[in-house]
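**Student:** Okay, here's the structure, questions in a sec.
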Amino acid sequence: MSEFSRDPNTGLRAIEERSIDYVPENERHGSVRMQGPFWFLGNFQPFTVSIGFLGPVFGLSLWWTCVASIAGILFGTLFMAAHASQGPKLGLPQMIQSRAQFGYQGVILPLIATGFTFLAFNVVDTIIIKEGLNGIFGWNSALIAVVITVIGAALAIYGHDWLHTAFQVLFWMSVPFWVILTIGVLTGNAGGTATDAGGFSWAGFLGLFAVAASYNITYAPYVSDYSRYLPKNTPTKSIIAAVFVGAAGSPIWLIPLGAWMSIKLGAVDPLVGIYDTGNNVFNGLGGIVAVLSVLALVATMGLNAYSGMLTFVTGIDAFKPIKPTRTIRINVIVVLAVVWLVLGLVLTDSVSSLNNALLAMLYLLAPWTAINLVDFFLVRHGRYAITDLFVPSGGIYSRWNWRGVVAYLVAIAVEVPLGYINGVYTSWGYEKLNFVDISWILAMLVGGLLYAILMRSHDLKTETAAIEASEKTLAETGLAR
């Protein structure tokens with residue numbers, strides 16, 4: 001915790017001052033070793049357990065649920081972790097950096113996708129917590145939803161360092177109890193006598209693979225938001241490895257446990273499943289793990305609200321340039337909190353909501369992550385004129401970068417005849433392929449490849465002078481807005 005900055009006047013961490021603006025090198029702090037536990041805890045909660053519940057829904061056995069989900073997590077985390085290197089290198093929130101691919105205003109297209117993602121996550125989180133605690137303790141669902149919304153919003157308002165601190169504390173508090181619970185499951189001391197009636201099908205396997213992959217791919221718009229305060233010279237391989245191990249480690253642990261709870265205990269709610277499993281090991285363990293799980297999920301709601309604020313402020317700034325003050329960030333977070341609270345109170349089916357939300361997010365974000373990573377690693381090789389990203393006319397990146405916009409829209413169009421959202425949309429291609437969804441994989445390939453092809457007509461040498469001027473400005477004065 002000492003690695004974080006403190007208010008020199010009070011000795012306490014103040015509300016974070018920065019939001020969508022550049023973080024100067026003299027304000028950088030923290031270390032790579034904090035990234036692993038941070039992202040581990042981000043997935044170390046009931047939402048992750050819920051994904052295991054989807055295995056039986058897809059008709060898979062416990063074994064095939066584990067295989068499909070682990071494969072999906074590893075695949076999705078590759079893309080998510082790669083974004084982590086952009087934070088230290090550029091000192092920017094993720095979606096500000098995306099102005100380079102889509103333009104100052106054109107970035108509104110992926111912003112719609114990311115804004116939906118952050119809200120959807122918090123809506124589902126609210127449903128999971130209020131329904132779970134009501135089922136375990138009989139607590140009032142509406143009151144629970146209000147309390148966790150206030151806590152999540154407060155964490156987001158205080159910002160980056162508070163979130164990192166909360167995640168570090170909850171990581172070390174939670175792991176020992178989850179280890180005990182897991183040992184109980186593995187040794188047969190957690191109950192679970194029901195017969196596994198599932199099997200294997202390609203449709204079910206690829207369906208769960210897609211959901212699991214989407215879980216961490218949808219974290220891609222977050223990652224550099226929480227690595228942008230790291231020193232600029234942070235090794236790329238180190239930050240990617242730390243985020244990958246952390247973000248993949250906890251779902252690889254908890255999703256199989258969720259599948260076990262669903263199949264062997266007949267659990268239909270992740271929090272109730274955690275509670276019953278823990279108490280089967282020994283009385284009281286279930287309550288401890290359930291409460292710690294809720295706290296971890298509430299902290300993650302703060303994460304969603306914080307990145308949601310960055311997304312919506314970026315969207316506002318695209319059409320009406322603003323100075324990113326603390327007042328603006330607080331107001332945006334409060335509005336977001338009201339929206340997710342209302343939706344979370346109205347909706348009740350967490351498993352169905354989870355499945356559809358993750359698939360919708362995957363369809364919207366898979367093309368974006370491909371385009372963004374192709375631009376950063378293969379086209380521009382991490383070299384950007386950061387000051388131009390804050391010029392309302394777009395500077396060298398223009399208001400609308402037609403190459404990124406076209407690549408994104410074409411990739412989305414590829415998904416339409418092949419995609420599927422339960423109870424909402426079934427494409428002819430999905431049925432023709434025996435209910436196997438490959439739309440998002442094709443969208444990533446098409447989006448990334450088409451962007452790379454279109455960028456071949458752009459002479460990157462024309463950006464050199466702007467990049468050099470930007471680096472000089474940032475070194476001398478920081479970013480003036």
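Numbering starts fresh at 1 for the residues of each chain in the structure tokens, the chains themselves are lettered A, B, ... in the order given, and ligands are numbered from 1 as they appear.
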So which residues touch A:Gly192 within 10 Å, counting only C-alpha atoms, skipping near sequence neighbours fewer than 5 positions away, as a PyMOL selection string?
**Tutor:** chain A and resi 185+260-266+277+280
**Student:** I want to know what sits within 10 Å of A:Arg228, based on only C-alpha atoms, with residues of the same chain fewer than 3 positions away left out; could you give that as a PyMOL selection string?
**Tutor:** chain A and resi 22-25+28-30+84-94+160+223-225+231-232
**Student:** Output C-alpha atoms for every residue in the selection just made, as a PDB file, in the first residue's frame.
**Tutor:**
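File produced: part.pdb:
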```pdb
ATOM      1  CA  TYR A  22      -2.654  11.873 -19.428  1.00  0.00           C
ATOM      2  CA  VAL A  23      -0.747  10.743 -16.324  1.00  0.00           C
ATOM      3  CA  PRO A  24       2.652  12.538 -16.265  1.00  0.00           C
ATOM      4  CA  GLU A  25       5.673  10.426 -15.420  1.00  0.00           C
ATOM      5  CA  ARG A  28       3.514   7.343 -11.827  1.00  0.00           C
ATOM      6  CA  HIS A  29       3.576   4.857  -8.947  1.00  0.00           C
ATOM      7  CA  GLY A  30       2.824   1.257  -8.042  1.00  0.00           C
ATOM      8  CA  ALA A  84      -2.068  -4.034 -20.098  1.00  0.00           C
ATOM      9  CA  SER A  85       1.178  -2.935 -21.756  1.00  0.00           C
ATOM     10  CA  GLN A  86      -0.556   0.120 -23.236  1.00  0.00           C
ATOM     11  CA  GLY A  87      -1.121   1.746 -19.826  1.00  0.00           C
ATOM     12  CA  PRO A  88       2.508   2.300 -18.780  1.00  0.00           C
ATOM     13  CA  LYS A  89       3.605   3.043 -22.331  1.00  0.00           C
ATOM     14  CA  LEU A  90       1.006   5.753 -22.978  1.00  0.00           C
ATOM     15  CA  GLY A  91      -0.275   6.830 -19.548  1.00  0.00           C
ATOM     16  CA  LEU A  92      -3.837   6.951 -20.892  1.00  0.00           C
ATOM     17  CA  PRO A  93      -7.197   5.314 -20.236  1.00  0.00           C
ATOM     18  CA  GLN A  94      -7.900   2.555 -22.735  1.00  0.00           C
ATOM     19  CA  HIS A 160      -7.568   4.305  -8.886  1.00  0.00           C
ATOM     20  CA  VAL A 223      -6.882  -3.015 -18.404  1.00  0.00           C
ATOM     21  CA  SER A 224      -4.795   0.045 -19.147  1.00  0.00           C
ATOM     22  CA  ASP A 225      -7.115   2.114 -16.923  1.00  0.00           C
ATOM     23  CA  PRO A 231       6.294   3.852 -14.708  1.00  0.00           C
ATOM     24  CA  LYS A 232       6.776   4.222 -18.449  1.00  0.00           C
TER      25      LYS A 232
END
```
**Student:** So, counting only C-alpha atoms, which residue among A:Val124, A:Leu230, A:Leu133, A:Leu109 is closest to A:Ser31?
**Tutor:** A:Leu230
**Student:** Could you pull the residues within 8 Å of stretch 13-20 of chain A, counting only C-alpha atoms, minus those fewer than 2 positions along the same chain, as number ranges by chain?
**Tutor:** A: 5-7, 11, 22-23, 92-93, 96, 157-162, 310, 313-314, 324-326, 329
**Student:** Considering only C-alpha atoms, return as an MDAnalysis selection string whatever protein or nucleic-acid residues lie within 8 Å of A:Ser201, sequence-local ones (same chain, fewer than 2 positions apart) excluded.
**Tutor:** chainID A and resid 59:60 199 203:205
**Student:** Please dump the current selection as a CSV table (one decimal), in the first residue's frame; keep C-alpha atoms.
**Tutor:**
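Wrote selection_19.csv, looks like this:
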```csv
chain,number,residue,atom,x,y,z
A,59,GLY,CA,-25.7,-30.0,-21.7
A,60,LEU,CA,-22.1,-30.6,-20.7
A,199,GLY,CA,-22.3,-35.2,-21.8
A,203,ALA,CA,-22.5,-26.8,-29.9
A,204,GLY,CA,-22.4,-26.9,-26.1
A,205,PHE,CA,-18.6,-27.0,-25.9
```
**Student:** Which residues are close to A:Asp269, i.e. within 10 Å by only C-alpha atoms, leaving aside same-chain residues fewer than 3 positions away? Reply as a ChimeraX atom specification.
**Tutor:** /A:46,49-50,53,128-129,131-132,135-136,258,261-262,266,272-275,349-351
**Student:** Please provide the set of residues having any atom within 8 Å of stretch 42-44 of chain A, restricted to only C-alpha atoms, with same-chain residues fewer than 6 positions apart removed, written as a list of chain:residue names.
**Tutor:**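 Returned residues: A:Phe167, A:Ala247, A:Ser250, A:Pro251, A:Leu254, A:Ser293, A:Ala296, A:Leu297, A:Ala299, A:Thr300.
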**Student:** Residues of the last selection are to be written out with C-alpha atoms, as a tab-separated table (two decimals), in the first residue's frame.
**Tutor:**
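Below is the file that was written, again-v6.tsv:
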```tsv
chain	number	residue	atom	x	y	z
A	167	PHE	CA	-8.49	-5.35	-4.16
A	247	ALA	CA	-6.98	-12.68	-14.62
A	250	SER	CA	-9.16	-17.15	-10.50
A	251	PRO	CA	-11.71	-18.20	-13.16
A	254	LEU	CA	-13.82	-20.91	-9.60
A	293	SER	CA	-17.33	-13.17	-2.22
A	296	ALA	CA	-15.06	-8.91	-3.84
A	297	LEU	CA	-17.98	-8.49	-6.22
A	299	ALA	CA	-15.26	-3.99	-5.25
A	300	THR	CA	-15.52	-5.18	-8.84
```
**Student:** I want to know what sits within 12 Å of A:Tyr408, based on only C-alpha atoms, with residues of the same chain fewer than 6 positions away left out; could you give that as a short mmCIF file (atom, residue, chain, number, x, y, z; two decimals) with N, CA and C atoms, in the first residue's frame?
**Tutor:**
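Final output, part_22.cif:
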```
data_model
loop_
_atom_site.label_atom_id
_atom_site.label_comp_id
_atom_site.auth_asym_id
_atom_site.auth_seq_id
_atom_site.Cartn_x
_atom_site.Cartn_y
_atom_site.Cartn_z
N GLN A 101 -7.28 4.80 -33.49
CA GLN A 101 -7.81 3.87 -34.49
C GLN A 101 -9.13 4.36 -35.10
N PHE A 102 -9.94 5.08 -34.32
CA PHE A 102 -11.28 5.42 -34.78
C PHE A 102 -11.51 6.92 -34.99
N GLY A 106 -15.05 9.38 -33.92
CA GLY A 106 -15.35 8.02 -34.38
C GLY A 106 -15.25 6.99 -33.28
N VAL A 107 -14.51 7.31 -32.20
CA VAL A 107 -14.36 6.37 -31.09
C VAL A 107 -15.70 6.12 -30.39
N ILE A 108 -16.71 6.92 -30.73
CA ILE A 108 -18.03 6.73 -30.11
C ILE A 108 -18.57 5.33 -30.41
N LEU A 109 -18.17 4.73 -31.53
CA LEU A 109 -18.67 3.39 -31.88
C LEU A 109 -18.23 2.34 -30.85
N PRO A 110 -16.95 2.17 -30.59
CA PRO A 110 -16.58 1.23 -29.53
C PRO A 110 -16.98 1.70 -28.15
N ALA A 113 -20.16 0.18 -27.17
CA ALA A 113 -19.97 -1.21 -26.75
C ALA A 113 -19.42 -1.28 -25.33
N TYR A 363 -19.80 -9.95 -28.83
CA TYR A 363 -20.04 -9.54 -30.21
C TYR A 363 -19.57 -8.10 -30.46
N LEU A 364 -19.74 -7.24 -29.48
CA LEU A 364 -19.40 -5.84 -29.65
C LEU A 364 -17.91 -5.56 -29.44
N LEU A 365 -17.28 -6.31 -28.54
CA LEU A 365 -15.91 -6.00 -28.15
C LEU A 365 -14.84 -6.82 -28.87
N ALA A 366 -15.19 -8.00 -29.37
CA ALA A 366 -14.19 -8.83 -30.04
C ALA A 366 -13.56 -8.10 -31.23
N PRO A 367 -14.35 -7.47 -32.12
CA PRO A 367 -13.72 -6.74 -33.23
C PRO A 367 -12.86 -5.56 -32.75
N TRP A 368 -13.34 -4.87 -31.70
CA TRP A 368 -12.58 -3.72 -31.20
C TRP A 368 -11.21 -4.14 -30.67
N THR A 369 -11.17 -5.22 -29.87
CA THR A 369 -9.88 -5.61 -29.29
C THR A 369 -8.91 -6.04 -30.37
N ALA A 370 -9.40 -6.68 -31.44
CA ALA A 370 -8.53 -7.08 -32.54
C ALA A 370 -7.94 -5.86 -33.24
N ILE A 371 -8.79 -4.87 -33.53
CA ILE A 371 -8.33 -3.66 -34.21
C ILE A 371 -7.34 -2.89 -33.35
N ASN A 372 -7.66 -2.75 -32.07
CA ASN A 372 -6.80 -2.00 -31.16
C ASN A 372 -5.42 -2.64 -31.02
N ASN A 401 -11.63 8.38 -38.12
CA ASN A 401 -10.65 7.58 -38.85
C ASN A 401 -11.42 6.51 -39.62
N TRP A 402 -11.64 6.75 -40.89
CA TRP A 402 -12.52 5.87 -41.67
C TRP A 402 -12.01 4.43 -41.70
N VAL A 414 -20.34 -9.09 -40.05
CA VAL A 414 -20.03 -10.52 -40.22
C VAL A 414 -20.75 -11.35 -39.16
N GLU A 415 -20.95 -10.78 -37.98
CA GLU A 415 -21.55 -11.53 -36.88
C GLU A 415 -23.07 -11.71 -37.05
N ALA A 443 -15.32 -12.35 -36.62
CA ALA A 443 -15.31 -10.89 -36.50
C ALA A 443 -13.93 -10.38 -36.07
N MET A 444 -13.28 -11.11 -35.17
CA MET A 444 -11.93 -10.72 -34.75
C MET A 444 -10.95 -10.81 -35.92
N LEU A 445 -11.04 -11.90 -36.65
CA LEU A 445 -10.15 -12.08 -37.79
C LEU A 445 -10.39 -11.03 -38.86
N VAL A 446 -11.65 -10.82 -39.19
CA VAL A 446 -12.00 -9.85 -40.23
C VAL A 446 -11.63 -8.44 -39.80
N GLY A 447 -12.00 -8.06 -38.55
CA GLY A 447 -11.72 -6.71 -38.08
C GLY A 447 -10.23 -6.40 -38.05
N GLY A 448 -9.45 -7.29 -37.45
CA GLY A 448 -8.01 -7.06 -37.34
C GLY A 448 -7.32 -7.06 -38.69
N LEU A 449 -7.66 -8.04 -39.54
CA LEU A 449 -7.02 -8.14 -40.85
C LEU A 449 -7.40 -6.98 -41.75
N LEU A 450 -8.70 -6.64 -41.78
CA LEU A 450 -9.14 -5.54 -42.63
C LEU A 450 -8.50 -4.22 -42.21
N TYR A 451 -8.39 -4.00 -40.90
CA TYR A 451 -7.75 -2.77 -40.42
C TYR A 451 -6.29 -2.71 -40.87
N ALA A 452 -5.58 -3.83 -40.73
CA ALA A 452 -4.18 -3.87 -41.14
C ALA A 452 -4.03 -3.59 -42.63
N LEU A 454 -6.21 -1.88 -44.60
CA LEU A 454 -6.56 -0.48 -44.87
C LEU A 454 -5.46 0.48 -44.44
#
```
**Student:** Which distance in Å separates atom CA of A:Leu442 and atom CA of A:Gly382, to one decimal?
**Tutor:**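 Between these atoms lies a distance of 25.4 Å.
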**Student:** Provide the atom CA of A:Thr462 to atom CA of A:Gly103 distance in Å, to one decimal place.
**Tutor:**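 Computing it gives 16.3 Å between the two atoms.
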**Student:** Could you build a table of the residues in stretch 34-55 of chain A lying no more than 10 Å from stretch 63-78 of chain A, giving for each the nearest pair of atoms and their separation in Å rounded to one decimal place, using only C-alpha atoms, ordered by chain and ascending residue number, as CSV?
**Tutor:**
```
residue,atom,partner,partner_atom,distance
A:Ile51,CA,A:Ser69,CA,8.1
A:Gly52,CA,A:Thr65,CA,7.1
A:Phe53,CA,A:Thr65,CA,9.1
A:Leu54,CA,A:Thr65,CA,8.3
A:Gly55,CA,A:Thr65,CA,5.0
```
**Student:** With C-alpha atoms retained, write the just-selected residues as a compact mmCIF listing (two decimals), in the first residue's frame.
**Tutor:**
```
# COMPACT_ATOMS: atom_id res chain seq x y z
CA ILE A 51 -20.20 -19.28 -15.51
CA GLY A 52 -19.76 -22.81 -14.21
CA PHE A 53 -23.55 -23.01 -13.87
CA LEU A 54 -23.82 -22.58 -17.64
CA GLY A 55 -22.09 -25.90 -18.37
```
**Student:** Report, in Å with one decimal, the straight-line distance from atom CA of A:Gly404 to atom CA of A:Val416.
**Tutor:**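 Computing the Euclidean distance for atom CA of A:Gly404 and atom CA of A:Val416 yields 19.0 Å.
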**Student:** Let's see if you can do this: from backbone DSSP, list all alpha helix (DSSP H) residues in stretch 68-203 of chain A, as a VMD selection string.
**Tutor:** chain A and resid 68 to 82 86 to 90 94 to 97 99 to 102 108 to 137 141 to 158 160 to 186 202 to 203
**Student:** From the set A:Val410, A:Ala475, A:Leu389, A:Leu143, which residue has the shortest atom-to-atom contact distance to A:Asp21, counting only C-alpha atoms?
**Tutor:**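 With only C-alpha atoms as the atom set, the closest residue is A:Leu389.
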